[in-house]
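Coordinates from structure.txt are shown below (compact mmCIF, C-alpha atoms).
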# COMPACT_ATOMS: atom_id res chain seq x y z
CA MET C 973 -2.63 38.00 -0.75
CA LEU C 974 -4.02 34.50 -0.52
CA LEU C 975 -7.70 34.07 -1.13
CA GLN C 976 -9.82 32.49 1.62
CA LYS C 977 -10.06 29.26 -0.38
CA ASP C 978 -6.28 29.13 -0.76
CA LYS C 979 -5.79 29.68 2.97
CA ILE C 980 -8.16 26.82 3.76
CA ALA C 981 -6.36 24.50 1.34
CA LEU C 982 -2.99 25.47 2.82
CA SER C 983 -4.29 24.78 6.32
CA VAL C 984 -5.55 21.39 5.16
CA LYS C 985 -2.07 20.59 3.85
CA TYR C 986 -0.26 21.36 7.10
CA VAL C 987 -2.88 19.84 9.40
CA SER C 988 -3.30 16.63 7.39
CA VAL C 989 0.43 15.98 6.92
CA ALA C 990 1.17 16.78 10.56
CA CYS C 991 -1.66 14.59 11.91
CA LEU C 992 -0.76 11.70 9.62
CA MET C 993 2.91 11.77 10.58
CA LEU C 994 2.18 12.15 14.29
CA TYR C 995 -0.26 9.24 14.11
CA MET C 996 2.27 7.06 12.28
CA LEU C 997 4.85 7.84 14.96
CA GLN C 998 2.94 5.78 17.51
CA GLY C 999 5.11 2.86 18.40
CA VAL C 1000 8.15 4.90 17.40
CA LEU C 1001 8.14 8.02 19.61
CA TYR C 1002 5.32 7.01 21.94
CA PRO C 1003 3.30 3.86 22.76
CA GLY C 1004 0.62 2.92 20.28
CA SER C 1005 -2.04 2.69 22.95
CA MET C 1006 -1.85 6.34 23.98
CA PHE C 1007 -4.99 8.45 23.67
CA VAL C 1008 -3.05 11.13 21.77
CA ALA C 1009 -2.84 8.79 18.76
CA LYS C 1010 -6.64 8.67 18.66
CA ILE C 1011 -6.77 12.48 18.70
CA PHE C 1012 -4.43 12.70 15.71
CA LEU C 1013 -6.44 10.03 13.87
CA ALA C 1014 -9.76 11.78 14.62
CA ALA C 1015 -8.36 15.10 13.36
CA TYR C 1016 -7.07 13.37 10.20
CA PHE C 1017 -10.48 11.77 9.62
CA ALA C 1018 -12.17 15.16 10.03
CA VAL C 1019 -9.84 16.72 7.47
CA GLY C 1020 -10.46 13.78 5.14
CA ILE C 1021 -14.24 14.20 5.34
CA PHE C 1022 -13.85 17.92 4.63
CA CYS C 1023 -11.68 17.17 1.57
CA LEU C 1024 -14.12 14.55 0.31
CA THR C 1025 -17.02 17.02 0.67
CA GLU C 1026 -15.10 19.67 -1.24
CA ILE C 1027 -14.21 17.16 -3.97
CA LEU C 1028 -17.80 16.03 -4.44
CA PHE C 1029 -19.21 19.55 -4.47
CA SER C 1030 -16.60 20.62 -7.01
CA GLY C 1031 -17.87 17.90 -9.35
CA THR C 1032 -14.64 16.05 -10.04
CA LYS C 1033 -14.37 14.13 -13.31
CA GLN C 1034 -12.03 11.49 -11.90
CA ALA C 1035 -13.76 8.09 -12.00
CA LEU C 1036 -11.01 6.80 -9.70
CA ILE C 1037 -12.35 8.94 -6.86
CA TYR C 1038 -15.92 7.75 -7.33
CA SER C 1039 -14.90 4.08 -7.49
CA ALA C 1040 -12.76 4.50 -4.35
CA LEU C 1041 -15.65 6.21 -2.57
CA ALA C 1042 -18.09 3.46 -3.59
CA PHE C 1043 -15.74 0.77 -2.30
CA ALA C 1044 -15.06 2.58 0.98
CA MET C 1045 -18.75 3.29 1.60
CA ALA C 1046 -19.64 -0.35 0.91
CA ASN C 1047 -17.12 -1.45 3.54
CA ILE C 1048 -18.52 1.05 6.04
CA ALA C 1049 -22.09 -0.12 5.34
CA TYR C 1050 -21.13 -3.77 5.80
CA PHE C 1051 -19.36 -2.93 9.05
CA GLY C 1052 -22.41 -1.02 10.28
CA PHE C 1053 -24.62 -4.07 9.86
CA SER C 1054 -22.08 -6.63 11.06
CA ASN C 1055 -21.92 -8.40 14.38
CA GLY C 1056 -18.33 -8.44 15.59
CA THR C 1057 -19.14 -10.24 18.84
CA ALA C 1058 -18.20 -13.67 17.51
CA ILE C 1059 -14.64 -12.88 16.42
CA SER C 1060 -13.98 -10.56 19.36
CA THR C 1061 -15.28 -13.10 21.89
CA PHE C 1062 -13.89 -16.36 20.52
CA TYR C 1063 -10.74 -15.23 18.74
CA GLY C 1064 -9.73 -12.03 20.55
CA ILE C 1065 -9.75 -9.99 17.30
CA ASP C 1066 -10.75 -6.34 17.27
CA PRO C 1067 -13.45 -6.09 14.55
CA GLN C 1068 -13.01 -2.31 14.40
CA SER C 1069 -9.38 -2.47 13.29
CA PRO C 1070 -9.97 -3.50 9.64
CA ILE C 1071 -12.58 -0.82 8.97
CA LYS C 1072 -10.44 1.83 10.66
CA GLN C 1073 -7.50 0.92 8.43
CA THR C 1074 -9.68 0.91 5.30
CA ILE C 1075 -11.10 4.36 6.08
CA LEU C 1076 -7.61 5.66 6.83
CA VAL C 1077 -6.28 4.35 3.51
CA PHE C 1078 -9.04 5.81 1.33
CA LEU C 1079 -9.31 9.13 3.17
CA THR C 1080 -5.60 9.56 2.43
CA LEU C 1081 -6.41 9.21 -1.28
CA PHE C 1082 -9.10 11.90 -1.00
CA ILE C 1083 -6.93 14.29 1.04
CA PHE C 1084 -3.96 14.18 -1.30
CA PHE C 1085 -6.21 14.39 -4.35
CA TYR C 1086 -7.65 17.59 -2.89
CA LEU C 1087 -4.16 18.96 -2.16
CA SER C 1088 -2.93 18.03 -5.63
CA LYS C 1089 -5.92 19.74 -7.26
CA ASN C 1090 -5.00 22.86 -5.34
CA LYS C 1091 -1.35 22.63 -6.49
CA LEU C 1092 -0.06 22.09 -2.97
CA ILE C 1093 2.04 18.99 -3.61
CA ASP C 1094 5.50 19.24 -5.12
CA ARG C 1095 8.61 17.09 -5.43
CA LYS C 1096 10.04 18.36 -2.11
CA LEU C 1097 6.95 17.27 -0.16
CA LEU C 1098 7.02 13.82 -1.78
CA ILE C 1099 10.70 13.40 -0.92
CA ALA C 1100 10.00 14.51 2.66
CA ILE C 1101 7.21 11.93 2.95
CA TYR C 1102 9.54 9.26 1.58
CA ALA C 1103 12.26 10.21 4.09
CA PHE C 1104 9.73 10.04 6.93
CA TRP C 1105 8.55 6.53 6.03
CA PHE C 1106 12.11 5.36 5.35
CA ALA C 1107 13.14 6.48 8.84
CA ILE C 1108 10.15 4.69 10.40
CA GLY C 1109 11.10 1.57 8.48
CA ILE C 1110 14.69 1.69 9.75
CA ILE C 1111 13.54 2.18 13.35
CA ASN C 1112 11.01 -0.64 13.18
CA PHE C 1113 13.35 -3.04 11.40
CA TYR C 1114 16.16 -2.60 13.90
CA SER C 1115 13.85 -1.85 16.87
CA LEU C 1116 15.81 1.28 17.71
CA SER C 1117 12.91 2.75 19.68
CA PRO C 1118 11.67 1.36 23.02
CA PHE C 1119 8.16 1.63 21.56
CA SER C 1120 8.95 -0.22 18.33
CA PRO C 1121 7.68 -3.78 17.93
CA ILE C 1122 10.34 -6.27 18.96
CA TYR C 1123 10.61 -9.03 16.37
CA ASP C 1124 11.75 -12.23 18.04
CA LYS C 1125 11.05 -14.27 14.91
CA GLU C 1126 13.13 -14.64 11.78
CA VAL C 1127 10.48 -12.90 9.64
CA ASN C 1128 10.26 -9.11 9.98
CA ASN C 1129 7.12 -7.35 8.73
CA SER C 1130 9.00 -4.05 8.39
CA GLY C 1131 10.18 -5.21 4.97
CA TYR C 1132 6.83 -4.15 3.56
CA ILE C 1133 7.41 -0.55 4.66
CA PHE C 1134 10.29 -0.25 2.20
CA VAL C 1135 8.48 -1.72 -0.80
CA ASN C 1136 5.46 0.51 -0.18
CA ILE C 1137 7.63 3.61 -0.73
CA LEU C 1138 9.63 2.37 -3.74
CA PRO C 1139 7.72 4.55 -6.30
CA PHE C 1140 8.81 7.71 -4.45
CA MET C 1141 12.37 7.04 -5.66
CA LEU C 1142 11.31 8.01 -9.18
CA PHE C 1143 11.04 11.64 -8.03
CA PHE C 1144 14.70 11.96 -6.99
CA LYS C 1145 16.60 14.29 -9.33
CA ARG C 1146 19.94 12.81 -8.32
CA LYS C 1147 19.61 9.24 -9.51
CA TYR C 1148 22.67 8.02 -7.60
CA ILE C 1149 20.85 8.85 -4.34
CA ALA C 1150 17.85 6.80 -5.46
CA ILE C 1151 20.17 3.90 -6.37
CA ILE C 1152 21.87 3.99 -2.97
CA LEU C 1153 18.52 4.08 -1.17
CA PHE C 1154 17.25 1.23 -3.35
CA ILE C 1155 20.27 -0.90 -2.46
CA ILE C 1156 19.74 -0.23 1.26
CA SER C 1157 16.04 -1.00 0.91
CA SER C 1158 16.79 -4.20 -1.01
CA ILE C 1159 19.12 -5.47 1.70
CA ILE C 1160 16.49 -4.80 4.37
CA VAL C 1161 13.60 -6.28 2.36
CA ILE C 1162 15.52 -9.48 1.62
CA SER C 1163 16.65 -9.69 5.25
CA SER C 1164 13.02 -9.33 6.36
CA LEU C 1165 12.28 -12.69 4.65
CA LYS C 1166 8.76 -11.55 3.68
CA ARG C 1167 8.20 -13.36 0.40
CA GLY C 1168 5.51 -10.98 -0.84
CA ALA C 1169 7.75 -7.97 -0.18
CA ILE C 1170 10.69 -9.64 -1.95
CA LEU C 1171 8.48 -10.39 -4.95
CA ILE C 1172 7.42 -6.73 -5.11
CA LEU C 1173 11.04 -5.64 -4.84
CA PHE C 1174 12.12 -7.75 -7.83
CA ALA C 1175 9.05 -6.75 -9.87
CA PHE C 1176 9.89 -3.07 -9.29
CA LEU C 1177 13.56 -3.69 -10.14
CA ALA C 1178 12.62 -5.52 -13.36
CA TYR C 1179 10.38 -2.62 -14.41
CA CYS C 1180 13.11 -0.06 -13.66
CA ILE C 1181 15.65 -2.04 -15.70
CA PHE C 1182 13.13 -2.19 -18.54
CA PHE C 1183 12.49 1.54 -18.83
CA MET C 1184 16.12 2.50 -18.13
CA ALA C 1185 17.29 0.19 -20.91
CA ARG C 1186 14.68 1.61 -23.26
CA ASP C 1187 15.72 5.18 -22.45
CA SER C 1188 19.40 4.48 -22.97
CA LYS C 1189 21.01 5.43 -26.28
CA LEU C 1190 23.49 2.57 -26.01
CA SER C 1191 23.45 -0.28 -28.51
CA ALA C 1192 21.73 -3.57 -27.72
CA MET C 1193 25.09 -5.30 -27.19
CA GLN C 1194 26.26 -2.58 -24.80
CA LYS C 1195 23.02 -2.84 -22.82
CA ILE C 1196 23.35 -6.62 -22.54
CA SER C 1197 26.99 -6.28 -21.47
CA ILE C 1198 26.14 -3.76 -18.76
CA PHE C 1199 23.25 -5.91 -17.56
CA LEU C 1200 25.44 -9.03 -17.37
CA PHE C 1201 28.19 -7.12 -15.58
CA GLY C 1202 25.67 -5.80 -13.04
CA ALA C 1203 24.21 -9.28 -12.56
CA ILE C 1204 27.68 -10.74 -11.94
CA ILE C 1205 28.46 -8.03 -9.37
CA CYS C 1206 25.15 -8.63 -7.58
CA LEU C 1207 25.63 -12.39 -7.55
CA SER C 1208 29.16 -12.02 -6.22
CA PHE C 1209 27.71 -10.32 -3.15
CA ALA C 1210 24.45 -12.28 -2.95
CA ILE C 1211 25.86 -15.83 -3.02
CA PRO C 1212 28.26 -15.39 -0.04
CA ALA C 1213 25.51 -13.55 1.87
CA TYR C 1214 23.08 -16.40 1.16
CA ASN C 1215 25.55 -19.10 2.18
CA SER C 1216 26.32 -17.33 5.46
CA ASN C 1217 22.69 -16.75 6.46
CA GLU C 1218 20.91 -19.84 7.74
CA ALA C 1219 17.57 -18.03 8.12
CA ILE C 1220 17.47 -17.08 4.43
CA GLN C 1221 18.43 -20.62 3.43
CA ASN C 1222 15.65 -22.11 5.57
CA ARG C 1223 13.11 -19.64 4.19
CA MET C 1224 14.12 -20.43 0.62
CA SER C 1225 13.95 -24.16 1.31
CA GLU C 1226 10.47 -23.79 2.80
CA THR C 1227 9.29 -21.77 -0.20
CA LEU C 1228 10.63 -24.29 -2.72
CA SER C 1229 9.02 -27.14 -0.80
CA GLY C 1230 5.62 -25.42 -1.01
CA TYR C 1231 5.42 -24.08 2.55
CA SER C 1232 3.06 -21.09 2.56
CA SER C 1233 2.68 -20.30 6.29
CA GLY C 1234 -0.69 -22.03 6.28
CA ARG C 1235 -2.11 -19.80 3.54
CA ASP C 1236 -2.92 -22.77 1.31
CA ILE C 1237 -5.17 -24.17 4.03
CA ILE C 1238 -6.77 -20.78 4.73
CA TYR C 1239 -7.39 -20.14 1.04
CA GLN C 1240 -8.98 -23.55 0.58
CA GLN C 1241 -11.20 -23.07 3.64
CA LEU C 1242 -12.47 -19.74 2.33
CA LEU C 1243 -13.03 -21.01 -1.20
CA ASP C 1244 -14.86 -24.11 0.05
CA ASN C 1245 -17.01 -21.98 2.34
CA TRP C 1246 -18.02 -19.72 -0.56
CA GLU C 1247 -18.40 -22.41 -3.24
CA ASN C 1248 -20.35 -24.87 -1.10
CA ASN C 1249 -22.81 -22.31 0.16
CA GLU C 1250 -26.30 -22.84 -1.26
CA SER C 1251 -27.52 -19.29 -0.64
CA LEU C 1252 -27.33 -17.17 -3.80
CA THR C 1253 -27.55 -14.05 -1.63
CA LYS C 1254 -24.38 -14.98 0.25
CA VAL C 1255 -22.60 -15.89 -2.97
CA MET C 1256 -23.42 -12.46 -4.35
CA PHE C 1257 -23.14 -10.34 -1.20
CA GLY C 1258 -21.01 -12.39 1.21
CA PHE C 1259 -21.38 -13.47 4.81
CA GLY C 1260 -20.72 -10.14 6.53
CA TYR C 1261 -17.89 -7.87 7.51
CA SER C 1262 -14.76 -9.58 8.96
CA TYR C 1263 -16.33 -13.00 8.56
CA THR C 1264 -13.10 -14.67 7.43
CA PRO C 1265 -11.77 -15.37 10.98
CA ILE C 1266 -14.96 -17.31 11.70
CA VAL C 1267 -14.28 -19.58 8.72
CA THR C 1268 -10.56 -19.97 9.41
CA CYS C 1269 -10.80 -20.15 13.22
CA GLY C 1270 -9.26 -16.77 13.95
CA ARG C 1271 -7.11 -15.83 10.94
CA TYR C 1272 -7.60 -13.25 8.21
CA ALA C 1273 -7.04 -14.30 4.60
CA HIS C 1274 -4.03 -12.07 3.80
CA ASN C 1275 -5.51 -11.98 0.32
CA ASP C 1276 -7.78 -9.08 -0.59
CA TRP C 1277 -9.80 -11.04 -3.13
CA LEU C 1278 -10.63 -13.97 -0.85
CA GLU C 1279 -11.28 -11.58 2.02
CA LEU C 1280 -13.80 -9.69 -0.09
CA LEU C 1281 -15.30 -12.82 -1.61
CA THR C 1282 -16.07 -14.13 1.88
CA ASN C 1283 -17.15 -10.88 3.49
CA MET C 1284 -18.89 -9.08 0.62
CA GLY C 1285 -19.26 -11.74 -2.08
CA LEU C 1286 -19.01 -11.00 -5.79
CA PHE C 1287 -20.38 -7.53 -5.06
CA GLY C 1288 -17.30 -6.58 -3.03
CA VAL C 1289 -14.90 -8.22 -5.47
CA GLY C 1290 -16.52 -6.29 -8.31
CA LEU C 1291 -16.19 -2.94 -6.52
CA TYR C 1292 -12.52 -3.56 -5.72
CA LEU C 1293 -11.83 -4.70 -9.28
CA LEU C 1294 -13.49 -1.52 -10.57
CA PHE C 1295 -11.15 0.55 -8.38
CA ILE C 1296 -8.09 -1.35 -9.70
CA LEU C 1297 -9.30 -0.92 -13.29
CA GLN C 1298 -9.60 2.83 -12.78
CA ILE C 1299 -5.94 2.89 -11.78
CA VAL C 1300 -5.17 1.00 -15.00
CA VAL C 1301 -7.19 3.52 -17.04
CA MET C 1302 -5.39 6.47 -15.44
CA THR C 1303 -2.04 4.76 -16.06
CA VAL C 1304 -2.79 4.18 -19.74
CA SER C 1305 -4.03 7.75 -20.21
CA SER C 1306 -0.88 9.29 -18.69
CA THR C 1307 1.96 10.56 -20.90
CA PRO C 1308 4.16 7.71 -22.16
CA ASP C 1309 7.69 7.54 -20.66
CA SER C 1310 6.85 10.27 -18.12
CA ILE C 1311 7.60 10.01 -14.41
CA GLU C 1312 3.84 9.98 -13.85
CA ARG C 1313 3.37 6.93 -16.11
CA ARG C 1314 6.24 5.09 -14.43
CA CYS C 1315 4.99 5.97 -10.98
CA MET C 1316 1.48 4.76 -11.83
CA VAL C 1317 2.79 1.46 -13.22
CA SER C 1318 4.85 0.98 -10.04
CA ILE C 1319 1.84 1.70 -7.83
CA LEU C 1320 -0.24 -0.75 -9.84
CA LEU C 1321 2.40 -3.48 -9.56
CA ILE C 1322 2.66 -3.10 -5.80
CA ILE C 1323 -1.08 -2.93 -5.15
CA ILE C 1324 -1.80 -6.01 -7.29
CA VAL C 1325 0.96 -8.11 -5.69
CA LYS C 1326 -0.07 -6.99 -2.20
CA SER C 1327 -3.70 -7.81 -2.91
CA VAL C 1328 -2.75 -11.41 -3.70
CA PHE C 1329 0.02 -12.14 -1.19
CA SER C 1330 -0.74 -9.78 1.67
CA MET C 1331 -3.25 -7.00 2.39
CA GLY C 1332 -3.91 -3.84 0.41
CA TYR C 1333 -7.07 -1.89 1.08
CA GLY C 1334 -7.15 -2.80 4.79
CA ASP C 1335 -3.48 -2.16 5.56
CA GLN C 1336 -2.19 1.24 6.68
CA GLY C 1337 1.06 0.33 4.94
CA THR C 1338 -0.75 1.20 1.70
CA ILE C 1339 -0.95 4.87 2.76
CA PRO C 1340 2.21 5.97 0.86
CA LEU C 1341 0.79 4.44 -2.33
CA MET C 1342 -2.49 6.30 -1.80
CA ILE C 1343 -0.57 9.55 -1.31
CA LEU C 1344 1.04 9.11 -4.71
CA LEU C 1345 -2.22 7.93 -6.29
CA GLY C 1346 -4.03 11.01 -4.97
CA TYR C 1347 -1.23 13.22 -6.26
CA MET C 1348 -1.41 11.65 -9.73
CA ALA C 1349 -5.21 11.85 -9.88
CA GLY C 1350 -5.09 15.52 -8.86
CA LYS C 1351 -2.56 16.32 -11.59
CA ASN C 1352 -4.74 14.49 -14.07
CA GLU C 1353 -7.72 16.59 -12.99
CA LEU C 1354 -5.76 19.82 -13.45
CA GLN C 1355 -4.68 18.78 -16.95
CA GLN C 1356 -8.28 18.02 -17.93
CA THR C 1357 -9.56 21.39 -16.68
CA THR C 1358 -6.85 23.35 -18.51
CA VAL C 1359 -7.39 21.65 -21.86
Could I get this file's structure written as structure tokens?
Amino acid sequence: MLLQKDKIALSVKYVSVACLMLYMLQGVLYPGSMFVAKIFLAAYFAVGIFCLTEILFSGTKQALIYSALAFAMANIAYFGFSNGTAISTFYGIDPQSPIKQTILVFLTLFIFFYLSKNKLIDRKLLIAIYAFWFAIGIINFYSLSPFSPIYDKEVNNSGYIFVNILPFMLFFKRKYIAIILFIISSIIVISSLKRGAILILFAFLAYCIFFMARDSKLSAMQKISIFLFGAIICLSFAIPAYNSNEAIQNRMSETLSGYSSGRDIIYQQLLDNWENNESLTKVMFGFGYSYTPIVTCGRYAHNDWLELLTNMGLFGVGLYLLFILQIVVMTVSSTPDSIERRCMVSILLIIIVKSVFSMGYGDQGTIPLMILLGYMAGKNELQQTTV
């Protein structure tokens, strides 16, 4: 018979996974504005707080959890003392959205760390989570649901969904399935024309080629031959596809000419605002939560570091850097050439690229990465307690 503690942990698993999936289905199976989505989110938050309480009372040794908690609590504190009237009144931006996304992202880390510590996450669950997000990505990309966002522009944000779940492919036992899914994902990501997502895709591919080549028992010449053959095959498909797609050609031309969708202007505005400020307090602790739209006249930075530098100063940047460094430490301490090490490196690559070219800690798209990160941290905790 299951002990009471085991029953509670099992209930947490089913409730948290169900609430998360049902919440993420807004805009897919039902409109995003429905009250039911708020119920699922509230239930997920409640489970997350319970898991965090259990983790803290159990006295976890994982510095990653404490650094994540410190960063999340700092964001909540800044939000509590912020005045969102300015951006909501003048720019029509909901000041509650960023903090809600940040809490959602980090509570996911705590929930799946708790589940992993209780040995309730296995390969099948991870594959199921991957399949769920892959399906959502397909629906959003092709707008197959009446509730999905309709993209009338050439750029499709759904490309990021597929790069956020790339590390899950490492857990497939049948590698040919992972390769097929990677090819499908690659086609969609490139078609989405999101430059940050494409960069992540190629970084992940380069890393996979690196460790697959190192694992192979073939000679150096054979490896080079196979690589060149694969490159020729890819180019034979890529070049005709590129020549027949005007949107991709225009996007590439814009990128090569230095067009950055206005990010260069936004970045300069935020840097000038921080550098030219004479208040040491604001340099150290920022101007307040969600202050970036006030500087840029209604636009967020789409760069975690500049967002934090403006909102929370060097204090916020330091906390976020500490969190990233803890991921590095856990990656280095994992077993070389293991799936865990490769998964951690992949997570690190994606988070770092997203933090520079898009959004990381304040984007619910980071949830799959936090699921894996929580799983890895929980396994690490179990290994430390059994030594």
Q. What is the atom CA of C:Leu1036 to atom CA of C:Phe1329 distance in Å?
A.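 Interatomic distance here is 23.5 Å.
For the pair atom CA of C:Ile1311 and atom CA of C:Lys1096, the separation is 15.1 Å.
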Extract, using only C-alpha atoms, all DNA, RNA and protein residues at most 7 Å from stretch 1132-1135 of chain C, discarding same-chain residues fewer than 4 positions from it, and format them as a compact mmCIF listing (two decimals) with C-alpha atoms, keeping the file's coordinate frame.
# COMPACT_ATOMS: atom_id res chain seq x y z
CA PHE C 1106 12.11 5.36 5.35
CA GLY C 1109 11.10 1.57 8.48
CA SER C 1157 16.04 -1.00 0.91
CA VAL C 1161 13.60 -6.28 2.36
CA ALA C 1169 7.75 -7.97 -0.18
CA ILE C 1172 7.42 -6.73 -5.11
CA LEU C 1173 11.04 -5.64 -4.84
CA GLY C 1337 1.06 0.33 4.94
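Counting from atom CA of C:Ser1208, the distance to atom CA of C:Gly1168 is 24.3 Å.
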Q: Could you give me, as a VMD selection string, the residues within 10 Å of C:Gly1288, counting only C-alpha atoms and dropping anything in the same chain fewer than 5 positions from it?
A: chain C and resid 1043 1046 to 1047 1256 to 1258 1277 1279 to 1283 1293 to 1294
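Each of C:Asn1275, C:Thr1025, C:Gln1336, C:Thr1080 was checked against C:Ala1040 using all atoms listed in the file; the smallest atom-to-atom distance is that of C:Thr1080.
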What lies within 8 Å of C:Ser1088 using all atoms listed in the file, ignoring chain neighbours under 6 positions off, as a short mmCIF file (atom, residue, chain, number, x, y, z; two decimals) with C-alpha atoms, in the coordinates of the input?
data_model
loop_
_atom_site.label_atom_id
_atom_site.label_comp_id
_atom_site.auth_asym_id
_atom_site.auth_seq_id
_atom_site.Cartn_x
_atom_site.Cartn_y
_atom_site.Cartn_z
CA GLY C 1346 -4.03 11.01 -4.97
CA TYR C 1347 -1.23 13.22 -6.26
CA MET C 1348 -1.41 11.65 -9.73
CA ALA C 1349 -5.21 11.85 -9.88
CA GLY C 1350 -5.09 15.52 -8.86
CA LYS C 1351 -2.56 16.32 -11.59
#
Q. Which of these, C:Ala1042, C:Leu1081, C:Ala1035, C:Leu1297, has the shortest distance to C:Pro1340 once you count all atoms listed in the file?
A. C:Leu1081
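Residues lying within 9 Å of C:Leu1076, counting only C-alpha atoms and ignoring same-chain neighbours fewer than 5 positions away, are Leu1013, Tyr1016, Phe1017, Gly1020, Ile1071, Leu1081, Gly1334, Asp1335, Gln1336 and Ile1339 of chain C.
Remark: for C:Thr1303, the closest of the candidate residues C:Ser1330, C:Asn1352, C:Ser1115, C:Asn1128 is C:Asn1352 (distances computed over only C-alpha atoms).
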